[in-house]
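K.L.:
Sharing data22.cif, mmCIF, C-alpha atoms and all ligand atoms:
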```
data_structure
loop_
_atom_site.label_atom_id
_atom_site.label_comp_id
_atom_site.auth_asym_id
_atom_site.auth_seq_id
_atom_site.Cartn_x
_atom_site.Cartn_y
_atom_site.Cartn_z
CA MET A 2 -118.66 -89.01 147.08
CA THR A 3 -118.69 -91.52 149.88
CA GLY A 4 -114.99 -92.06 150.39
CA GLN A 5 -115.26 -93.86 153.69
CA ARG A 6 -115.95 -97.26 152.17
CA VAL A 7 -113.00 -97.28 149.80
CA SER A 8 -110.78 -99.40 152.01
CA CYS A 9 -113.16 -102.35 152.54
CA PRO A 10 -114.26 -104.45 149.55
CA ARG A 11 -117.69 -103.52 148.29
CA VAL A 12 -120.49 -106.03 147.95
CA ILE A 13 -123.27 -105.07 145.56
CA LEU A 14 -126.44 -107.05 144.95
CA HIS A 15 -128.51 -106.62 141.83
CA VAL A 16 -132.03 -107.96 142.38
CA ASP A 17 -134.41 -108.36 139.46
CA LEU A 18 -137.82 -110.03 139.34
CA ASP A 19 -138.17 -112.64 136.58
CA ALA A 20 -140.63 -111.78 133.76
CA PHE A 21 -142.33 -109.41 136.19
CA TYR A 22 -145.66 -108.44 134.57
CA ALA A 23 -146.23 -111.88 133.07
CA SER A 24 -145.37 -113.61 136.35
CA VAL A 25 -147.85 -111.43 138.22
CA GLU A 26 -150.58 -112.47 135.79
CA GLN A 27 -149.68 -116.15 136.18
CA ARG A 28 -149.61 -115.76 139.94
CA ASP A 29 -153.04 -114.12 140.04
CA ASP A 30 -154.68 -116.64 137.70
CA PRO A 31 -153.52 -120.22 138.29
CA SER A 32 -155.03 -121.35 134.98
CA LEU A 33 -152.26 -119.34 133.24
CA ARG A 34 -149.39 -121.16 134.94
CA GLY A 35 -147.23 -123.18 132.58
CA ARG A 36 -148.83 -121.45 129.58
CA PRO A 37 -147.28 -118.85 127.27
CA VAL A 38 -148.50 -115.48 128.54
CA VAL A 39 -147.88 -112.20 126.78
CA VAL A 40 -148.71 -108.90 128.46
CA GLY A 41 -149.20 -105.98 126.14
CA GLY A 42 -151.45 -103.89 123.98
CA HIS A 43 -154.23 -104.87 121.67
CA ALA A 44 -153.71 -108.16 119.83
CA ARG A 45 -153.65 -106.63 116.35
CA ARG A 46 -151.93 -103.28 116.84
CA GLY A 47 -150.17 -103.49 120.20
CA VAL A 48 -146.71 -104.36 121.38
CA VAL A 49 -145.33 -106.89 123.84
CA CYS A 50 -144.50 -105.43 127.26
CA ALA A 51 -143.58 -108.71 128.90
CA ALA A 52 -143.52 -112.39 128.01
CA SER A 53 -143.57 -115.40 130.31
CA TYR A 54 -140.71 -117.89 129.97
CA GLU A 55 -143.10 -120.28 128.23
CA ALA A 56 -143.65 -117.61 125.56
CA ARG A 57 -139.96 -116.70 125.35
CA LYS A 58 -139.21 -120.27 124.25
CA PHE A 59 -141.01 -119.39 121.02
CA GLY A 60 -138.85 -116.29 120.54
CA VAL A 61 -141.37 -113.79 121.91
CA LYS A 62 -139.64 -110.74 123.43
CA SER A 63 -140.55 -107.39 124.93
CA ALA A 64 -141.08 -104.52 122.48
CA MET A 65 -141.98 -106.94 119.69
CA PRO A 66 -145.15 -106.12 117.73
CA MET A 67 -147.98 -108.28 119.07
CA VAL A 68 -148.75 -109.48 115.55
CA ARG A 69 -145.24 -110.92 115.28
CA ALA A 70 -145.49 -112.48 118.76
CA LEU A 71 -148.69 -114.25 117.76
CA GLU A 72 -147.09 -115.52 114.56
CA LEU A 73 -144.33 -117.07 116.64
CA CYS A 74 -146.66 -118.35 119.35
CA PRO A 75 -150.30 -118.45 118.20
CA GLN A 76 -151.44 -120.18 121.38
CA ALA A 77 -150.18 -117.33 123.60
CA VAL A 78 -152.63 -115.80 126.06
CA VAL A 79 -152.57 -112.03 125.52
CA LEU A 80 -153.42 -109.90 128.55
CA PRO A 81 -153.69 -106.14 129.04
CA VAL A 82 -151.12 -104.22 131.06
CA ARG A 83 -152.29 -103.55 134.64
CA MET A 84 -149.72 -100.92 135.49
CA ASP A 85 -151.25 -99.76 138.77
CA HIS A 86 -151.36 -103.33 140.04
CA TYR A 87 -147.67 -103.80 139.18
CA ALA A 88 -146.79 -100.51 140.89
CA THR A 89 -148.49 -101.69 144.10
CA ILE A 90 -146.57 -104.98 144.05
CA SER A 91 -143.39 -103.02 143.36
CA ARG A 92 -143.82 -101.12 146.62
CA ASP A 93 -143.99 -104.43 148.55
CA PHE A 94 -140.92 -105.68 146.66
CA PHE A 95 -138.94 -102.58 147.66
CA ALA A 96 -140.06 -102.97 151.28
CA ILE A 97 -138.40 -106.41 151.27
CA LEU A 98 -135.22 -104.96 149.75
CA HIS A 99 -135.07 -102.17 152.34
CA ALA A 100 -135.30 -104.78 155.10
CA HIS A 101 -132.10 -106.37 153.75
CA ALA A 102 -129.77 -103.48 153.02
CA PRO A 103 -129.05 -99.99 154.25
CA LEU A 104 -128.56 -98.70 150.68
CA VAL A 105 -131.11 -99.47 147.95
CA GLU A 106 -131.14 -97.80 144.53
CA GLY A 107 -134.24 -98.56 142.47
CA LEU A 108 -133.78 -98.85 138.71
CA SER A 109 -137.32 -99.74 137.69
CA LEU A 110 -140.44 -101.27 139.23
CA ASP A 111 -138.80 -104.67 139.59
CA GLU A 112 -135.08 -104.04 139.72
CA ALA A 113 -132.62 -102.50 142.21
CA PHE A 114 -129.03 -102.31 143.37
CA LEU A 115 -128.26 -102.94 147.06
CA ASP A 116 -124.99 -102.15 148.79
CA VAL A 117 -124.45 -104.59 151.66
CA SER A 118 -120.75 -103.89 152.20
CA GLY A 119 -119.73 -104.39 155.80
CA CYS A 120 -123.17 -105.70 156.81
CA GLU A 121 -122.08 -109.27 157.57
CA ARG A 122 -122.44 -108.92 161.32
CA LEU A 123 -125.88 -107.41 161.07
CA LEU A 124 -127.37 -109.21 158.08
CA GLY A 125 -125.17 -112.24 157.36
CA GLU A 126 -122.87 -113.11 154.47
CA PRO A 127 -123.92 -111.64 151.11
CA PRO A 128 -125.05 -114.96 149.55
CA ALA A 129 -127.23 -115.52 152.64
CA ILE A 130 -128.72 -112.05 152.21
CA ALA A 131 -129.45 -112.89 148.58
CA ARG A 132 -131.10 -116.18 149.55
CA SER A 133 -133.18 -114.45 152.18
CA ILE A 134 -134.42 -111.85 149.67
CA LYS A 135 -135.33 -114.60 147.20
CA ALA A 136 -137.15 -116.54 149.90
CA ARG A 137 -139.18 -113.55 151.07
CA VAL A 138 -140.07 -112.56 147.51
CA ARG A 139 -141.31 -116.09 146.97
CA GLU A 140 -143.23 -116.33 150.24
CA GLU A 141 -144.71 -112.84 150.43
CA LEU A 142 -145.16 -111.95 146.77
CA ALA A 143 -145.31 -115.45 145.20
CA LEU A 144 -142.81 -114.19 142.60
CA VAL A 145 -139.29 -115.19 141.64
CA ALA A 146 -136.24 -112.93 141.94
CA SER A 147 -132.82 -113.41 140.40
CA VAL A 148 -129.85 -111.98 142.25
CA GLY A 149 -126.28 -111.18 141.23
CA VAL A 150 -123.67 -110.59 143.93
CA ALA A 151 -120.44 -108.85 142.93
CA PRO A 152 -117.95 -106.16 143.96
CA GLY A 153 -119.36 -103.70 141.40
CA LYS A 154 -122.66 -102.64 139.90
CA MET A 155 -122.05 -103.74 136.33
CA SER A 156 -120.91 -107.24 137.19
CA ALA A 157 -123.76 -107.65 139.71
CA LYS A 158 -126.26 -106.76 136.99
CA ILE A 159 -124.68 -109.09 134.45
CA ALA A 160 -124.61 -111.86 137.08
CA SER A 161 -128.31 -111.59 137.91
CA ASP A 162 -129.11 -111.69 134.22
CA LEU A 163 -126.93 -114.74 133.51
CA GLY A 164 -128.59 -116.69 136.33
CA LYS A 165 -132.17 -116.12 135.15
CA PRO A 166 -134.66 -117.56 135.84
CA ASP A 167 -134.48 -118.07 139.59
CA GLY A 168 -130.79 -117.29 139.60
CA LEU A 169 -128.25 -116.62 142.31
CA VAL A 170 -124.80 -115.92 140.87
CA VAL A 171 -121.95 -114.85 143.14
CA VAL A 172 -118.94 -113.24 141.48
CA ASP A 173 -115.66 -113.34 143.38
CA ASP A 174 -113.08 -112.73 140.67
CA VAL A 175 -114.65 -110.04 138.50
CA ALA A 176 -112.06 -109.98 135.73
CA ARG A 177 -112.27 -113.75 135.33
CA PHE A 178 -116.07 -113.66 135.37
CA LEU A 179 -116.22 -110.97 132.70
CA ALA A 180 -113.44 -112.17 130.38
CA PRO A 181 -115.34 -114.82 128.37
CA LEU A 182 -118.53 -112.76 127.96
CA PRO A 183 -119.41 -111.08 124.65
CA VAL A 184 -118.21 -107.50 124.54
CA GLY A 185 -121.77 -106.21 123.99
CA ARG A 186 -122.47 -107.01 127.66
CA LEU A 187 -120.23 -104.19 128.79
CA TRP A 188 -121.94 -100.97 129.89
CA GLY A 189 -121.49 -98.29 127.30
CA VAL A 190 -121.03 -100.71 124.40
CA GLY A 191 -124.10 -100.32 122.22
CA GLU A 192 -124.82 -102.05 118.95
CA VAL A 193 -122.83 -99.62 116.84
CA MET A 194 -119.79 -99.80 119.10
CA GLU A 195 -120.10 -103.58 119.26
CA LYS A 196 -119.95 -103.79 115.48
CA SER A 197 -116.87 -101.63 115.29
CA LEU A 198 -115.21 -103.68 118.04
CA LEU A 199 -116.00 -106.93 116.23
CA ALA A 200 -114.46 -105.37 113.12
CA ILE A 201 -111.11 -105.02 114.93
CA GLY A 202 -111.31 -108.54 116.33
CA VAL A 203 -112.55 -107.67 119.83
CA ARG A 204 -115.17 -110.30 120.64
CA THR A 205 -115.10 -110.83 124.38
CA ILE A 206 -114.76 -108.50 127.33
CA GLY A 207 -111.41 -110.19 127.98
CA ASP A 208 -110.23 -109.02 124.54
CA LEU A 209 -110.88 -105.46 125.69
CA ALA A 210 -109.23 -105.68 129.08
CA GLY A 211 -105.69 -105.03 127.86
CA GLY A 212 -106.73 -102.08 125.71
CA SER A 213 -105.27 -101.77 122.22
CA GLU A 214 -104.03 -99.22 119.72
CA HIS A 215 -106.84 -100.23 117.38
CA LEU A 216 -109.38 -99.48 120.07
CA THR A 217 -107.83 -96.10 120.85
CA ALA A 218 -107.89 -95.26 117.16
CA ARG A 219 -111.57 -96.21 116.95
CA VAL A 220 -113.03 -94.60 120.04
CA GLY A 221 -110.43 -92.14 121.32
CA ALA A 222 -107.96 -92.48 124.18
CA ASP A 223 -110.28 -91.58 127.07
CA HIS A 224 -113.08 -93.88 126.04
CA ALA A 225 -110.65 -96.71 125.29
CA ARG A 226 -109.10 -96.41 128.75
CA HIS A 227 -112.54 -96.35 130.35
CA LEU A 228 -113.70 -99.45 128.49
CA ALA A 229 -110.51 -101.35 129.28
CA ALA A 230 -110.88 -100.52 132.98
CA LEU A 231 -114.52 -101.66 133.02
CA ALA A 232 -113.47 -104.84 131.22
CA ARG A 233 -110.97 -105.53 134.01
CA GLY A 234 -113.79 -105.15 136.51
CA GLU A 235 -112.78 -101.69 137.76
CA ASP A 236 -116.20 -100.27 138.48
CA ASP A 237 -116.47 -98.10 141.55
CA ARG A 238 -119.85 -96.54 140.87
CA GLN A 239 -121.71 -96.22 144.14
CA VAL A 240 -125.19 -97.38 144.98
CA GLU A 241 -127.04 -94.08 145.30
CA PRO A 242 -130.14 -94.49 147.43
CA ASP A 243 -130.86 -90.82 147.91
CA ARG A 244 -130.29 -89.94 144.34
CA ARG A 245 -133.21 -87.85 143.37
CA ALA A 246 -133.98 -88.91 139.82
CA VAL A 247 -133.74 -86.02 137.39
CA SER A 248 -135.90 -87.90 134.94
CA ILE A 249 -137.73 -91.20 134.71
CA GLY A 250 -138.16 -92.91 131.40
CA ALA A 251 -138.97 -96.00 129.41
CA GLU A 252 -137.70 -96.87 125.95
CA ASP A 253 -137.40 -99.85 123.65
CA THR A 254 -135.21 -100.77 120.70
CA PHE A 255 -137.14 -102.79 118.15
CA GLU A 256 -136.06 -105.97 116.48
CA THR A 257 -137.60 -104.78 113.21
CA ASP A 258 -137.76 -101.06 112.40
CA LEU A 259 -141.23 -99.57 112.70
CA GLY A 260 -142.50 -97.93 109.53
CA ASP A 261 -145.83 -96.77 110.80
CA LEU A 262 -146.87 -93.70 112.76
CA GLU A 263 -149.70 -95.51 114.56
CA LEU A 264 -147.42 -98.27 115.80
CA CYS A 265 -144.98 -95.67 117.13
CA ALA A 266 -147.87 -93.93 118.90
CA GLU A 267 -148.90 -97.26 120.43
CA HIS A 268 -145.38 -97.90 121.75
CA LEU A 269 -145.18 -94.41 123.20
CA LEU A 270 -148.49 -94.89 125.02
CA VAL A 271 -147.21 -98.04 126.70
CA GLN A 272 -143.84 -96.44 127.47
CA GLY A 273 -145.60 -93.40 128.92
CA ASP A 274 -147.64 -95.73 131.10
CA ARG A 275 -144.54 -97.58 132.29
CA ALA A 276 -142.81 -94.32 133.18
CA ALA A 277 -145.94 -93.00 134.92
CA ALA A 278 -146.16 -96.16 137.04
CA ARG A 279 -142.59 -95.57 138.17
CA LEU A 280 -143.47 -92.00 139.08
CA ARG A 281 -146.34 -93.24 141.24
CA ALA A 282 -144.22 -95.96 142.84
CA GLU A 283 -141.70 -93.28 143.83
CA GLY A 284 -144.31 -90.78 144.95
CA LEU A 285 -143.49 -88.30 142.19
CA ARG A 286 -145.21 -86.26 139.50
CA ALA A 287 -143.74 -84.90 136.27
CA ARG A 288 -144.22 -81.59 134.53
CA VAL A 289 -142.14 -82.23 131.39
CA VAL A 290 -142.77 -84.97 128.83
CA VAL A 291 -140.08 -85.82 126.27
CA VAL A 292 -140.55 -88.11 123.29
CA LYS A 293 -137.49 -89.70 121.73
CA VAL A 294 -137.40 -91.30 118.30
CA LYS A 295 -134.34 -92.90 116.78
CA TYR A 296 -134.47 -93.65 113.06
CA ALA A 297 -133.03 -96.70 111.34
CA ASP A 298 -129.94 -94.62 110.43
CA HIS A 299 -129.42 -93.88 114.17
CA THR A 300 -130.27 -90.17 113.96
CA LEU A 301 -132.15 -89.12 117.04
CA VAL A 302 -135.03 -86.67 117.30
CA THR A 303 -136.52 -85.48 120.59
CA ARG A 304 -139.56 -83.32 121.22
CA ARG A 305 -140.57 -81.97 124.61
CA THR A 306 -143.52 -80.23 126.17
CA THR A 307 -144.25 -78.72 129.56
CA LEU A 308 -147.66 -79.58 131.01
CA GLY A 309 -149.90 -77.05 132.73
CA ARG A 310 -149.40 -78.93 135.97
CA ALA A 311 -147.35 -81.89 137.15
CA THR A 312 -148.99 -85.31 136.81
CA ALA A 313 -148.44 -89.03 137.31
CA ASP A 314 -151.46 -89.88 135.19
CA GLY A 315 -150.45 -92.19 132.36
CA ARG A 316 -153.43 -91.05 130.32
CA LEU A 317 -152.40 -87.39 130.33
CA ILE A 318 -148.82 -88.35 129.60
CA GLY A 319 -150.04 -90.54 126.73
CA GLN A 320 -151.98 -87.63 125.23
CA ALA A 321 -148.85 -85.50 125.41
CA THR A 322 -146.75 -88.15 123.66
CA ARG A 323 -149.28 -88.32 120.85
CA ARG A 324 -149.13 -84.55 120.34
CA LEU A 325 -145.34 -84.65 120.40
CA LEU A 326 -145.13 -87.52 117.95
CA ALA A 327 -147.07 -85.44 115.43
CA GLU A 328 -144.13 -83.00 115.48
CA VAL A 329 -141.55 -85.69 114.64
CA PRO A 330 -140.82 -85.56 110.91
CA GLY A 331 -140.70 -88.40 108.43
CA ILE A 332 -141.82 -91.33 110.60
CA ASP A 333 -143.60 -93.10 107.77
CA LYS A 334 -140.66 -92.84 105.40
CA ARG A 335 -137.53 -93.44 107.47
CA GLY A 336 -138.11 -96.47 109.68
CA VAL A 337 -137.87 -96.20 113.47
CA ARG A 338 -135.58 -98.41 115.56
CA LEU A 339 -136.27 -96.94 119.00
CA THR A 340 -138.94 -94.95 120.74
CA GLY A 341 -138.90 -93.68 124.29
CA VAL A 342 -140.65 -91.43 126.76
CA SER A 343 -138.83 -89.51 129.42
CA LEU A 344 -140.49 -87.55 132.20
CA ALA A 345 -138.72 -84.62 133.84
CA GLY A 346 -139.50 -81.62 135.98
CA LEU A 347 -140.20 -84.06 138.81
CA GLU A 348 -142.06 -83.00 141.95
CA ASP A 349 -143.08 -84.80 145.10
CA GLU A 350 -146.70 -85.91 144.94
CA SER A 351 -147.15 -84.44 148.41
CA GLY A 352 -145.89 -81.10 147.14
CA PRO A 353 -147.63 -77.77 147.78
CA ARG A 354 -149.89 -78.02 144.71
CA GLN A 355 -151.87 -80.80 146.41
CA LEU A 356 -152.41 -79.00 149.66
CA GLY A 357 -154.88 -76.39 148.44
CA PHE A 358 -157.92 -77.84 150.21
CA ASP A 359 -156.29 -78.52 153.49
CA GLU A 360 -155.62 -75.46 155.65
CA PRO A 361 -153.16 -76.93 158.19
CA GLU A 362 -151.20 -78.54 155.37
CA VAL A 363 -151.08 -75.27 153.50
CA ALA A 364 -149.79 -73.58 156.63
CA ARG A 365 -147.12 -76.24 157.03
CA GLY A 366 -146.18 -75.91 153.36
CA GLU A 367 -145.89 -72.19 153.72
CA SER A 368 -143.80 -72.35 156.86
CA LEU A 369 -141.54 -74.87 155.15
CA GLY A 370 -141.23 -72.42 152.27
CA LYS A 371 -140.29 -69.67 154.71
CA ALA A 372 -137.74 -71.88 156.42
CA LEU A 373 -136.19 -72.66 153.04
CA ASP A 374 -136.09 -68.95 152.23
CA GLN A 375 -134.24 -68.37 155.46
CA ILE A 376 -131.73 -71.11 154.74
CA ALA A 377 -131.23 -69.69 151.26
CA ALA A 378 -130.67 -66.24 152.71
CA LYS A 379 -128.09 -67.58 155.12
CA PHE A 380 -126.23 -70.24 153.12
CA GLY A 381 -127.20 -69.68 149.48
CA ASP A 382 -129.55 -71.59 147.14
CA ASP A 383 -127.15 -74.47 146.88
CA ALA A 384 -127.73 -75.38 150.53
CA ILE A 385 -131.43 -75.87 149.87
CA GLY A 386 -130.79 -78.02 146.84
CA ARG A 387 -128.66 -80.31 148.98
CA ALA A 388 -131.16 -80.39 151.83
CA LEU A 389 -133.98 -81.33 149.47
CA ARG A 390 -131.94 -84.01 147.77
CA ARG A 391 -131.20 -85.58 151.10
CA LYS A 392 -134.84 -85.57 152.12
MG MG A 401 -137.16 -108.06 135.65
#
```
As structure tokens, please, write out the structure in this file.
Ligand SMILES: [Mg+2]
P.N.:
Amino acid sequence: MTGQRVSCPRVILHVDLDAFYASVEQRDDPSLRGRPVVVGGHARRGVVCAASYEARKFGVKSAMPMVRALELCPQAVVLPVRMDHYATISRDFFAILHAHAPLVEGLSLDEAFLDVSGCERLLGEPPAIARSIKARVREELALVASVGVAPGKMSAKIASDLGKPDGLVVVDDVARFLAPLPVGRLWGVGEVMEKSLLAIGVRTIGDLAGGSEHLTARVGADHARHLAALARGEDDRQVEPDRRAVSIGAEDTFETDLGDLELCAEHLLVQGDRAAARLRAEGLRARVVVVKVKYADHTLVTRRTTLGRATADGRLIGQATRRLLAEVPGIDKRGVRLTGVSLAGLEDESGPRQLGFDEPEVARGESLGKALDQIAAKFGDDAIGRALRRK
């Protein structure tokens, strides 16, 4: 790991666009501004992918069935998902981020961690960097970003979320910032864990910070120590800009369990599209499609398939998810609380498969292949893995 920054305090920014898809639609069509806008599938069968703040006031949320959203907010304007358009805007958003930090780790189309530790002389104080990012996002993209500034990733992410919309929250004393927050905010505390923590009287992150025998008894010594450390703000996970994603996915937990195969299929189509847009934004293709279904009783089923060739085409990925869903047992009987799509077997879109029609490119691809063979012969396969990851 990067040990050289251990001695100086880290400064992490988490930047997240507010109500991204819905805001893009309101930006592009002024008649939608100030109105409740819901982006998602078909009005009768589809699901909500994004809701504007005007719609959220009525309780509309992502991953909610569209029928429910329209019960809550009948006057909502429902618009289709324009994933390619969002992916294009995402590239411009990341260009702004890269102009402000040496290390940027993208989390989704509209969200990233930036490490600006030790950049004061070059880029200014961290809050000034955050303000500059917000200003450029507003001027160049006509969108609104919320930013959290903190010494660690988790607290930066919580901070950007707490400030929304149009937030800028700077955390100096992490432990103090975290202490009053509900324990469910902590990374690694899901709904089930949250319930068992509430059962032993642990409500806030501060309640966790000291650790407890009860907690150790519930979750085991290692996990208890880990949670207590996170609760105290000890979070040294690095921003990993070069991290080559092993998989890219999209999933949603539903407010009400789904009891219907078609509705699950609909969610998976949208999730496949979201994941495919991320592939395209990162210049990747995927060969493996995985469908994940979690039932109401929390049992998890996954099904995977390998495609004939790698793709970033949401339509092909959607067809695969439909085939895979047919292999998942008991959907109509058991109730589904989560569906997700994950794409693996990732390849660069400029990889050799694309070069077939272009002789010089083929030659270059082949000579690269030969060079890699030579490196492998000299230093072992591991050397190539590292070289490619760094690329
Ligand atoms: Mg966002």
K.L.:
Edge lengths and centre in Å to one decimal, as AutoDock Vina command-line options, is what I'm after for the box along x, y and z that holds all listed atoms of stretch 265-283 of chain A once 3 Å is added on each side.
P.N.:
```
--center_x -145.3 --center_y -95.0 --center_z 130.5 --size_x 13.2 --size_y 12.0 --size_z 32.7
```
K.L.:
Against ligand MG 401 (chain A), which residues of chain A fall within 6 Å? For each one I want the closest pair of atoms and the distance in Å (one decimal), counting all atoms listed in the file, rows by chain and increasing residue number, as CSV.
P.N.:
```
residue,atom,partner,partner_atom,distance
A:Asp17,CA,A:MG401,MG,4.7
A:Leu18,CA,A:MG401,MG,4.2
A:Asp19,CA,A:MG401,MG,4.8
A:Ala20,CA,A:MG401,MG,5.4
A:Phe21,CA,A:MG401,MG,5.4
A:Asp111,CA,A:MG401,MG,5.5
```
K.L.:
Restricting it to C-alpha atoms, dump the selection as a compact mmCIF listing (two decimals), keeping the file's coordinate frame.
P.N.:
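Writing done, so here's result-v4.txt:
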```txt
# COMPACT_ATOMS: atom_id res chain seq x y z
CA ASP A 17 -134.41 -108.36 139.46
CA LEU A 18 -137.82 -110.03 139.34
CA ASP A 19 -138.17 -112.64 136.58
CA ALA A 20 -140.63 -111.78 133.76
CA PHE A 21 -142.33 -109.41 136.19
CA ASP A 111 -138.80 -104.67 139.59
```
K.L.:
Considering all atoms listed in the file, can you say which of A:Val240, A:Pro128, A:Ala23, A:Ala200 comes closest to A:Val145?
P.N.:
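The shortest atom-to-atom distance to A:Val145 comes from A:Ala23.
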K.L.:
Let me make sure I understand: among A:Ser156, A:Gly212, A:Ala143, A:Lys334, which one has the smallest atom-to-atom distance to A:Pro31 if we use only C-alpha atoms?
P.N.:
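Between A:Ser156, A:Gly212, A:Ala143, A:Lys334, the residue approaching A:Pro31 most closely is A:Ala143.
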K.L.:
Work out how far apart atom CA of A:Ile249 and atom CA of A:Val170 are and give it in Å to one decimal.
P.N.:
28.6 Å
K.L.:
Report the distance between atom CA of A:Thr217 and atom CA of A:Arg186 in Å, rounded to one decimal place.
P.N.:
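Taking atom CA of A:Thr217 and atom CA of A:Arg186, their separation equals 19.5 Å.
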K.L.:
One decimal, in Å: what's the spacing between atom CA of A:Leu228 and atom CA of A:Asp174?
P.N.:
18.0 Å
K.L.:
Find the residues with any atom within 9 Å of (-142.8, -119.8, 128.0); use all atoms listed in the file and the coordinates as given in the file, and write the answer as an MDAnalysis selection string.
P.N.:
chainID A and resid 35:38 52:59 61 77
K.L.:
Select, from A:Ile134, A:Ala276, A:Leu169, A:Val247, the residue with the minimum atom-to-atom distance to A:Gly315, counting only C-alpha atoms.
P.N.:
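Between A:Ile134, A:Ala276, A:Leu169, A:Val247, the residue approaching A:Gly315 most closely is A:Ala276.
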K.L.:
Residues around (-130.8, -98.9, 153.4), cut-off 12 Å, counting all atoms listed in the file - what are they as number ranges by chain?
P.N.:
A: 95-107, 113-118, 120, 124, 240-243
K.L.:
Store the residues of this selection in a file with C-alpha atoms, as a PDB file, in the coordinates of the input.
P.N.:
```
ATOM      1  CA  PHE A  95    -138.940-102.580 147.660  1.00  0.00           C
ATOM      2  CA  ALA A  96    -140.060-102.970 151.280  1.00  0.00           C
ATOM      3  CA  ILE A  97    -138.400-106.410 151.270  1.00  0.00           C
ATOM      4  CA  LEU A  98    -135.220-104.960 149.750  1.00  0.00           C
ATOM      5  CA  HIS A  99    -135.070-102.170 152.340  1.00  0.00           C
ATOM      6  CA  ALA A 100    -135.300-104.780 155.100  1.00  0.00           C
ATOM      7  CA  HIS A 101    -132.100-106.370 153.750  1.00  0.00           C
ATOM      8  CA  ALA A 102    -129.770-103.480 153.020  1.00  0.00           C
ATOM      9  CA  PRO A 103    -129.050 -99.990 154.250  1.00  0.00           C
ATOM     10  CA  LEU A 104    -128.560 -98.700 150.680  1.00  0.00           C
ATOM     11  CA  VAL A 105    -131.110 -99.470 147.950  1.00  0.00           C
ATOM     12  CA  GLU A 106    -131.140 -97.800 144.530  1.00  0.00           C
ATOM     13  CA  GLY A 107    -134.240 -98.560 142.470  1.00  0.00           C
ATOM     14  CA  ALA A 113    -132.620-102.500 142.210  1.00  0.00           C
ATOM     15  CA  PHE A 114    -129.030-102.310 143.370  1.00  0.00           C
ATOM     16  CA  LEU A 115    -128.260-102.940 147.060  1.00  0.00           C
ATOM     17  CA  ASP A 116    -124.990-102.150 148.790  1.00  0.00           C
ATOM     18  CA  VAL A 117    -124.450-104.590 151.660  1.00  0.00           C
ATOM     19  CA  SER A 118    -120.750-103.890 152.200  1.00  0.00           C
ATOM     20  CA  CYS A 120    -123.170-105.700 156.810  1.00  0.00           C
ATOM     21  CA  LEU A 124    -127.370-109.210 158.080  1.00  0.00           C
ATOM     22  CA  VAL A 240    -125.190 -97.380 144.980  1.00  0.00           C
ATOM     23  CA  GLU A 241    -127.040 -94.080 145.300  1.00  0.00           C
ATOM     24  CA  PRO A 242    -130.140 -94.490 147.430  1.00  0.00           C
ATOM     25  CA  ASP A 243    -130.860 -90.820 147.910  1.00  0.00           C
TER      26      ASP A 243
END
```
K.L.:
Determine, counting all atoms listed in the file, which protein, DNA and RNA residues have an atom within 12 Å of an atom of A:Arg11; residues of the same chain fewer than 3 positions away are not included. Present the result as a list in words.
P.N.:
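Skipping anything fewer than 3 positions along the chain leaves Gly4, Gln5, Arg6, Val7, Ser8, Leu14, Leu115, Asp116, Val117, Ser118, Gly119, Cys120, Glu121, Pro127, Val150, Ala151, Pro152, Gly153, Lys154, Ala157, Val172, Asp173, Glu235, Asp236, Asp237, Arg238, Gln239 and Val240 of chain A.
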K.L.:
Calculated over all atoms listed in the file, which of the candidates A:Ser109, A:Asp93, A:Ser63, A:Lys158 has the smallest distance to A:His15?
P.N.:
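Using all atoms listed in the file, the shortest distance to A:His15 belongs to A:Lys158.
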K.L.:
Just want the 9 Å neighbourhood of A:Val329, counted on all atoms listed in the file, with same-chain residues fewer than 3 positions away dropped. Output as a list in words.
P.N.:
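Counting only the stated atoms, we get Val294, Val302, Thr303, Arg304, Leu325, Leu326 and Ile332 of chain A.
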K.L.:
Restricting it to C-alpha atoms, dump the selection as a PDB file, in the coordinates of the input.
P.N.:
```
ATOM      1  CA  VAL A 294    -137.400 -91.300 118.300  1.00  0.00           C
ATOM      2  CA  VAL A 302    -135.030 -86.670 117.300  1.00  0.00           C
ATOM      3  CA  THR A 303    -136.520 -85.480 120.590  1.00  0.00           C
ATOM      4  CA  ARG A 304    -139.560 -83.320 121.220  1.00  0.00           C
ATOM      5  CA  LEU A 325    -145.340 -84.650 120.400  1.00  0.00           C
ATOM      6  CA  LEU A 326    -145.130 -87.520 117.950  1.00  0.00           C
ATOM      7  CA  ILE A 332    -141.820 -91.330 110.600  1.00  0.00           C
TER       8      ILE A 332
END
```
K.L.:
Check the smallest atom-to-atom distance from each of A:Arg279, A:Lys295, A:Arg69, A:Arg233 to A:Glu112 using only C-alpha atoms, then report the winner.
P.N.:
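The answer is A:Arg279, which sits nearest to A:Glu112.
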K.L.:
Taking into account all atoms listed in the file, which residue in the set A:Ala64, A:Val171, A:Leu264, A:Val78 is nearest to A:Ala251?
P.N.:
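Closest candidate: A:Ala64.
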K.L.:
So that I can see what lies close to A:His299, please list as a PyMOL selection string the residues with an atom at most 9 Å from it, counting all atoms listed in the file and leaving out residues fewer than 4 positions away in the same chain.
P.N.:
chain A and resi 295+337-339
K.L.:
Name the residues in contact with A:Ala278 at a cut-off of 10 Å, using all atoms listed in the file, excluding same-chain residues fewer than 3 positions from it; report them as a list in words.
P.N.:
Arg83, Met84, Asp85, His86, Tyr87, Ala88, Thr89, Ser91, Ser109, Leu110, Gln272, Gly273, Asp274, Arg275, Arg281, Ala282, Glu283, Gly284, Leu285, Ala313, Asp314 and Gly315 of chain A
